[in-house]
Amino acid sequence: MERKVHTFCRICVASCGLEVTVDDESNTVISIEPDRQNPYTWGDFCRKGKTAHQAVQHPNRITRPMKRVGDRYVETSYDEAISAIAERLNDIIDRHGADAIGSYNGNPIGFTFTNATWYSGLLDAIGTKNRFFYGSVDQNGGHIVCEQLYGIEQVSLVPDIDDCDCFLMLGMDPAVSKFNWMENNPRGWQRVLQRQQAGAYVIVVDPRTSSTAACADNHVAILPGRDWAFLLALIKVILDENLERLSTTLPIVGMDDLRGLVGEADLGDLAERCGVSVATVQDVARRFAGARRAMCVAHTGVSQNENGTLGEWLSHVLNLITDRTDRPGGRRFERGVIDIGKVLAMVAPSTKHRSRVRGLPAIVGYHAVAEIPDEINTPGPGQIKAMLIAFGNPVVSGPDGRALDEALSALDFLVVIDIVQRESHRHADWLIPGTHWLERSELSPVLASLQEVPYIQYGAQALDKPEGVLEEWEFCEALAAAMGRNLFGKPGVNRFIALTKKLARWTNRPGLAMNPDWVVRGMLAAGRRVKYADIIKAPHGLVYGPRRYGDLAKALRTPDKRVRIAPEMFVEATREALRRRPVEGDEFPLLLANKRTREAMNSWLNESPGLRAQQDNAIEIHPADAGKVGIRDGDRVRVISKTNTIELPAIVTTSIRPGVVCSPHGWGGRHFDPHTGTAVGQLGTNRNLLVDNQRIDPLSQLPVFNSTAVRVELIGAEDRSDEAARRT
Ligand SMILES: Nc1nc2c(c(=O)[nH]1)N[C@H]1C(S)=C(S)[C@@H](COP(=O)(O)OP(=O)(O)OC[C@H]3O[C@@H](n4cnc5c(=O)[nH]c(N)nc54)[C@H](O)[C@@H]3O)O[C@H]1N2
Ligand SMILES: Nc1nc2c(c(=O)[nH]1)N[C@H]1C(S)=C(S)[C@@H](COP(=O)(O)OP(=O)(O)OC[C@H]3O[C@@H](n4cnc5c(=O)[nH]c(N)nc54)[C@H](O)[C@@H]3O)O[C@H]1N2
Ligand code: SF4
Ligand SMILES: [Mo]
């Protein structure tokens, strides 16, 4: 029988509403279409959503716990897996302490609040402080900036697109990756273009003529990694020319410190650093400050650099000194269903722990992916001996995957929870099946708090999970119980869970057994903004209120309830950056930037058969740079950084700025057939192998994905010069 399920896509934050047609008999998807009745996301959709079920039917999907035997895996029961893993982890904890168990959880966990909560509960049960998450390759800069400025580690400042007259967009390519990151604007890019048609001015700052930049009224082709200098230059022009109009919605402290810093910088020097003319800087600054309504939005292109956090900070400053924060047409504060600061405090451990080897502080409770190899390789108390990797593929998505892979191979014990065995999982001792979001029903207060308007949707389950497979949270709960350690590290929790399970069995009411839904309902009740029952009654999604302006002032959590516009740590870091001259070495004369591809989601969807529009990644290079080393379009080239060497085909194009090359991430990972132990296919090449894991933004701890210094050489250059010699 055919059945239609209304739910939403949980691949990226765009959260597109879906109508999934399911064949009940075979438990398969017939089609996935956008849900026309979704009041909020209708109009946004992509092929990744349309073909999402291909990952459910992945030919190498893990559907039973699998134990490594030699270079293959054999299927076992959950009972066997859980007791064996519990015993081994307990043994390692007994011998080396809880911190000997490390953990990485990746991006897809961000879409499943229930599993994220229980996974974090398992880590609390273990008691390890060696936790790593994808924030350190993604949004950590945002957490630091919000914490410093507003006193909350996450503030959802959503672009208020439909009222904006001047868009200043840095390091983002919404024409490809949709208008989302730590906030979501459905059909955001199309709406920007509509505003443009109505007269709005669009400025895109990007070293490449991306699909987004191609539509800009002004495309500023900046040097990668220098957005902080560009933004500081804009702020300088605005303050020097008295064009500022301080926020009217927020009390601000620290303007003198900001003015002091700006006074120390020289406009010509700043412009030179970012490779943009002074005239362009002045034009952008005057336009932005003079526009009736405007917004500055800085995304991952800005943050994944050595001074990325400074870039993000200054993007907030620019909005604050021109009264664009929490104002129509600017960046509006959306309260969400629940105080997200509180939620974060719940899911993230409130530890100020410092990492053992590099001494770096945890950010929202987690350390940086870049540190994992050091923490595994360096002997001494607290050395990581075992890891859990869930929902993540850091060997491909993180910096220097080769170093990480080698470190993972040296572990005593590695447990993976995923739907497929990928590059980061190849040394796993145990593979535990993950579930796919089409197989889960869940409600995420976190996702709901990233939306442009007060909006929430229940993520209904479309398919049954493979028979016998436990959802990730169930596995975490069972493992904590088998280890004899209380979930969440809270005394009595395991006993309570066991009791509720008994009660559920006696009464034949499964809902009485404690489960993550309880937490969600509790939070919704505490938030008092929307009722659980109302959400369930709205299968197409629920807009539960009007968009409001001016709530941020009430939400501030700084001690004096004012915005700290110039936190000392940022001011000092900017001074330091101003003191340093960029070193442009002859050995590595080009800067490697990054982009995304429409058909892939980080490292995990490019092998889906339905998505194989692209089989390979390449490196884009400007004709002037290509000419210097004899590279022609389509040639295979060697890309060399201090860290590693890779080979890629070259695309010679004027759409990239001279001095910069660009290649998308997420490629080059293999996946495995655990039954036979063979690696199945590899599409493209992992450009992150070139990225150093020691050189990170000291504030956010993000690697330098967008400004790694490289050199490019033609492979077989000798043959070509022979050929040229023959011709002459
Ligand atoms: N050079 C460069 N590198 C980057 C970036 C960049 O812009 N440039 N972007 C960074 C960003 S923004 C991000 S978010 C990271 C992402 O990096 P990661 O967080 O490591 O995520 P992915 O590489 O996408 O790997 C996701 C894994 O989760 C598994 N998975 C998917 N769904 C589920 C599920 O429901 N259950 C379970 N158990 N497993 C699941 C997939 O099979 C896959 O193995 O990459 C970062 N890396
Ligand atoms: N199709 C697709 N969509 C996605 C994803 C995906 O993997 N595929 N990932 C999702 C995730 S996890 C995230 S976090 C979001 C991210 O979404 P965005 O933050 O919008 O990221 P990108 O689309 O990679 O756009 C980054 C842009 O920055 C430019 N850039 C590179 N270096 C610099 C620099 O130093 N300065 C400036 N100003 N620009 C620079 C690049 O050329 C590129 O055009 O996208 C989400 N959407
Ligand atoms: S992957 Fe595509 S369909 Fe899914 S939420 Fe993102 S944009 Fe929407
Ligand atoms: Mo991301």
# chains A, B, ... in the order shown; residues from 1 in each chain; ligands from 1
>>> residues_near_ligand(ligand="ligand 4", cutoff="7 Å", atoms="only C-alpha atoms and all ligand atoms", output="VMD selection string")
chain A and resid 107 138 181
>>> residues_near_ligand(ligand="ligand 1", cutoff="8 Å", atoms="only C-alpha atoms and all ligand atoms", output="count of residues only")
56
>>> residues_around(residues="A:Met514", least_positions_apart="3", cutoff="10 Å", atoms="only C-alpha atoms", output="JSON, numbers by chain")
{"A": [493, 496, 497, 498, 499, 500, 501, 504, 510, 511, 517, 518, 519]}
>>> residues_near_ligand(ligand="ligand 2", cutoff="7 Å", atoms="only C-alpha atoms and all ligand atoms", output="ChimeraX atom specification")
/A:12-13,107,138,170-174,176-181,205-208,210,222-227,299-302,305,593-602,706-707
>>> write_last_selection(atoms="C-alpha atoms", output="PDB file, in the first residue's frame")
ATOM      1  CA  CYS A  12      21.319  20.322   5.871  1.00  0.00           C
ATOM      2  CA  VAL A  13      19.905  23.155   7.973  1.00  0.00           C
ATOM      3  CA  ASN A 107      27.662  17.077  11.607  1.00  0.00           C
ATOM      4  CA  ASP A 138      32.581  24.553  11.265  1.00  0.00           C
ATOM      5  CA  LEU A 170      31.168  37.347   2.788  1.00  0.00           C
ATOM      6  CA  GLY A 171      32.440  33.784   2.366  1.00  0.00           C
ATOM      7  CA  MET A 172      29.125  32.204   1.430  1.00  0.00           C
ATOM      8  CA  ASP A 173      27.692  30.684  -1.687  1.00  0.00           C
ATOM      9  CA  PRO A 174      23.967  30.270  -1.095  1.00  0.00           C
ATOM     10  CA  VAL A 176      24.996  26.292  -4.170  1.00  0.00           C
ATOM     11  CA  SER A 177      24.829  25.542  -0.457  1.00  0.00           C
ATOM     12  CA  LYS A 178      21.506  27.275   0.313  1.00  0.00           C
ATOM     13  CA  PHE A 179      21.144  30.161   2.693  1.00  0.00           C
ATOM     14  CA  ASN A 180      21.941  28.387   5.935  1.00  0.00           C
ATOM     15  CA  TRP A 181      24.567  27.827   8.534  1.00  0.00           C
ATOM     16  CA  VAL A 205      33.006  39.130  -1.045  1.00  0.00           C
ATOM     17  CA  ASP A 206      34.650  35.982  -2.385  1.00  0.00           C
ATOM     18  CA  PRO A 207      37.992  35.191  -4.046  1.00  0.00           C
ATOM     19  CA  ARG A 208      36.035  33.309  -6.679  1.00  0.00           C
ATOM     20  CA  SER A 210      30.975  31.781  -7.390  1.00  0.00           C
ATOM     21  CA  ILE A 222      39.260  39.371  -1.829  1.00  0.00           C
ATOM     22  CA  LEU A 223      42.397  37.419  -0.936  1.00  0.00           C
ATOM     23  CA  PRO A 224      41.353  34.455   1.199  1.00  0.00           C
ATOM     24  CA  GLY A 225      41.911  34.717   4.914  1.00  0.00           C
ATOM     25  CA  ARG A 226      41.858  38.510   4.952  1.00  0.00           C
ATOM     26  CA  ASP A 227      38.178  39.272   5.596  1.00  0.00           C
ATOM     27  CA  HIS A 299      29.892  32.508   6.687  1.00  0.00           C
ATOM     28  CA  THR A 300      32.320  29.581   6.573  1.00  0.00           C
ATOM     29  CA  GLY A 301      34.468  31.139   3.840  1.00  0.00           C
ATOM     30  CA  VAL A 302      35.414  33.770   6.412  1.00  0.00           C
ATOM     31  CA  ASN A 305      41.035  30.867   8.310  1.00  0.00           C
ATOM     32  CA  ALA A 593      40.467  28.149  -0.865  1.00  0.00           C
ATOM     33  CA  ASN A 594      37.431  25.893  -0.615  1.00  0.00           C
ATOM     34  CA  LYS A 595      33.963  25.612  -2.082  1.00  0.00           C
ATOM     35  CA  ARG A 596      31.046  23.204  -1.878  1.00  0.00           C
ATOM     36  CA  THR A 597      29.420  21.150  -4.581  1.00  0.00           C
ATOM     37  CA  ARG A 598      25.684  21.098  -5.098  1.00  0.00           C
ATOM     38  CA  GLU A 599      25.452  17.326  -5.166  1.00  0.00           C
ATOM     39  CA  ALA A 600      27.512  16.486  -2.099  1.00  0.00           C
ATOM     40  CA  MET A 601      27.017  17.024   1.613  1.00  0.00           C
ATOM     41  CA  ASN A 602      30.439  17.385   3.139  1.00  0.00           C
ATOM     42  CA  ASN A 706      40.612  28.464   3.012  1.00  0.00           C
ATOM     43  CA  SER A 707      44.107  29.875   2.951  1.00  0.00           C
TER      44      SER A 707
END
>>> residues_near_ligand(ligand="ligand 3", cutoff="7 Å", atoms="only C-alpha atoms and all ligand atoms", output="PyMOL selection string")
chain A and resi 9-16+44-50+178
>>> residues_around(residues="A:Val69", least_positions_apart="4", cutoff="10 Å", atoms="only C-alpha atoms", output="ChimeraX atom specification")
/A:73-74,429-430,677
>>> closest_residue(among="A:Thr209, A:Thr7, A:Asn319, A:Asn218", to="A:His622", atoms="only C-alpha atoms")
A:Thr209
>>> residues_around(residues="A:Arg286", least_positions_apart="4", cutoff="9 Å", atoms="only C-alpha atoms", output="list in words")
Leu234, Val237, Ile238, Glu241, Leu243, Val281, Gln282, Gly290 and Ala291 of chain A
>>> decode(residues="stretch 153-189 of chain A", atoms="N, CA, C and O atoms", output="compact mmCIF listing (two decimals), in the first residue's frame")
# COMPACT_ATOMS: atom_id res chain seq x y z
N GLU A 153 26.48 31.42 24.20
CA GLU A 153 27.34 30.76 23.21
C GLU A 153 26.66 30.57 21.86
O GLU A 153 27.30 30.28 20.87
N GLN A 154 25.35 30.67 21.84
CA GLN A 154 24.69 30.62 20.54
C GLN A 154 23.54 31.60 20.49
O GLN A 154 22.60 31.52 21.28
N VAL A 155 23.65 32.51 19.54
CA VAL A 155 22.58 33.48 19.33
C VAL A 155 22.18 33.34 17.88
O VAL A 155 23.02 33.35 17.00
N SER A 156 20.90 33.17 17.63
CA SER A 156 20.47 33.00 16.26
C SER A 156 20.11 34.38 15.68
O SER A 156 19.03 34.90 15.93
N LEU A 157 21.05 34.96 14.93
CA LEU A 157 20.79 36.25 14.29
C LEU A 157 20.48 35.97 12.82
O LEU A 157 21.37 35.83 12.00
N VAL A 158 19.20 35.87 12.52
CA VAL A 158 18.80 35.46 11.17
C VAL A 158 18.69 36.65 10.24
O VAL A 158 18.13 37.69 10.60
N PRO A 159 19.22 36.49 9.03
CA PRO A 159 19.07 37.56 8.04
C PRO A 159 17.59 37.83 7.78
O PRO A 159 16.81 36.91 7.55
N ASP A 160 17.22 39.11 7.83
CA ASP A 160 15.83 39.50 7.61
C ASP A 160 15.74 39.98 6.15
O ASP A 160 15.68 41.19 5.87
N ILE A 161 15.74 39.03 5.25
CA ILE A 161 16.01 39.28 3.83
C ILE A 161 15.00 40.22 3.17
O ILE A 161 15.38 41.15 2.45
N ASP A 162 13.71 39.98 3.43
CA ASP A 162 12.70 40.63 2.59
C ASP A 162 12.59 42.14 2.78
O ASP A 162 11.88 42.82 2.04
N ASP A 163 13.28 42.65 3.80
CA ASP A 163 13.21 44.08 4.06
C ASP A 163 14.56 44.75 3.84
O ASP A 163 14.76 45.91 4.22
N CYS A 164 15.49 44.03 3.23
CA CYS A 164 16.88 44.52 3.16
C CYS A 164 17.15 45.24 1.83
O CYS A 164 16.73 44.79 0.77
N ASP A 165 17.88 46.34 1.90
CA ASP A 165 18.23 47.10 0.70
C ASP A 165 19.67 46.94 0.28
O ASP A 165 20.05 47.32 -0.82
N CYS A 166 20.50 46.45 1.22
CA CYS A 166 21.92 46.33 0.90
C CYS A 166 22.47 45.08 1.58
O CYS A 166 22.51 45.01 2.81
N PHE A 167 22.84 44.10 0.77
CA PHE A 167 23.35 42.84 1.30
C PHE A 167 24.87 42.83 1.18
O PHE A 167 25.39 43.00 0.07
N LEU A 168 25.55 42.64 2.29
CA LEU A 168 27.00 42.46 2.24
C LEU A 168 27.27 41.02 2.70
O LEU A 168 27.12 40.68 3.87
N MET A 169 27.60 40.16 1.74
CA MET A 169 27.72 38.73 2.02
C MET A 169 29.16 38.28 1.81
O MET A 169 29.69 38.41 0.72
N LEU A 170 29.76 37.75 2.88
CA LEU A 170 31.17 37.35 2.79
C LEU A 170 31.31 35.85 3.01
O LEU A 170 30.72 35.29 3.95
N GLY A 171 32.09 35.19 2.15
CA GLY A 171 32.44 33.78 2.37
C GLY A 171 31.25 32.86 2.39
O GLY A 171 31.19 31.94 3.21
N MET A 172 30.30 33.08 1.51
CA MET A 172 29.13 32.20 1.43
C MET A 172 28.68 32.08 -0.02
O MET A 172 28.86 33.00 -0.81
N ASP A 173 28.10 30.94 -0.31
CA ASP A 173 27.69 30.68 -1.69
C ASP A 173 26.30 30.06 -1.69
O ASP A 173 26.11 28.90 -2.04
N PRO A 174 25.30 30.85 -1.27
CA PRO A 174 23.97 30.27 -1.09
C PRO A 174 23.35 29.74 -2.39
O PRO A 174 22.45 28.91 -2.33
N ALA A 175 23.85 30.20 -3.54
CA ALA A 175 23.31 29.67 -4.80
C ALA A 175 23.61 28.17 -4.89
O ALA A 175 22.92 27.43 -5.59
N VAL A 176 24.64 27.72 -4.18
CA VAL A 176 25.00 26.29 -4.17
C VAL A 176 24.61 25.62 -2.85
O VAL A 176 23.98 24.57 -2.83
N SER A 177 24.98 26.24 -1.74
CA SER A 177 24.83 25.54 -0.46
C SER A 177 23.58 25.96 0.30
O SER A 177 23.38 25.51 1.42
N LYS A 178 22.73 26.76 -0.32
CA LYS A 178 21.51 27.28 0.31
C LYS A 178 21.88 28.28 1.39
O LYS A 178 23.02 28.34 1.84
N PHE A 179 20.90 29.04 1.79
CA PHE A 179 21.14 30.16 2.69
C PHE A 179 21.04 29.67 4.14
O PHE A 179 20.06 29.95 4.82
N ASN A 180 22.02 28.87 4.55
CA ASN A 180 21.94 28.39 5.94
C ASN A 180 23.31 28.11 6.51
O ASN A 180 24.24 27.79 5.82
N TRP A 181 23.38 28.25 7.79
CA TRP A 181 24.57 27.83 8.53
C TRP A 181 24.13 27.69 9.99
O TRP A 181 23.55 26.69 10.36
N MET A 182 24.36 28.75 10.79
CA MET A 182 23.85 28.70 12.16
C MET A 182 22.48 29.34 12.21
O MET A 182 21.97 29.72 13.26
N GLU A 183 21.92 29.53 11.00
CA GLU A 183 20.58 30.09 10.87
C GLU A 183 20.06 29.62 9.53
O GLU A 183 20.84 29.20 8.68
N ASN A 184 18.77 29.67 9.35
CA ASN A 184 18.23 29.16 8.08
C ASN A 184 17.25 30.15 7.46
O ASN A 184 16.34 30.64 8.13
N ASN A 185 17.47 30.42 6.17
CA ASN A 185 16.53 31.24 5.40
C ASN A 185 16.05 30.45 4.19
O ASN A 185 16.75 30.41 3.17
N PRO A 186 14.88 29.80 4.29
CA PRO A 186 14.39 29.05 3.14
C PRO A 186 14.28 29.96 1.91
O PRO A 186 13.87 31.11 2.04
N ARG A 187 14.66 29.43 0.76
CA ARG A 187 14.66 30.18 -0.49
C ARG A 187 15.41 31.52 -0.33
O ARG A 187 15.14 32.48 -1.02
N GLY A 188 16.35 31.52 0.58
CA GLY A 188 17.02 32.77 0.92
C GLY A 188 17.66 33.45 -0.28
O GLY A 188 17.51 34.65 -0.48
N TRP A 189 18.37 32.65 -1.08
CA TRP A 189 19.08 33.25 -2.21
C TRP A 189 18.10 33.79 -3.25
O TRP A 189 18.26 34.91 -3.74
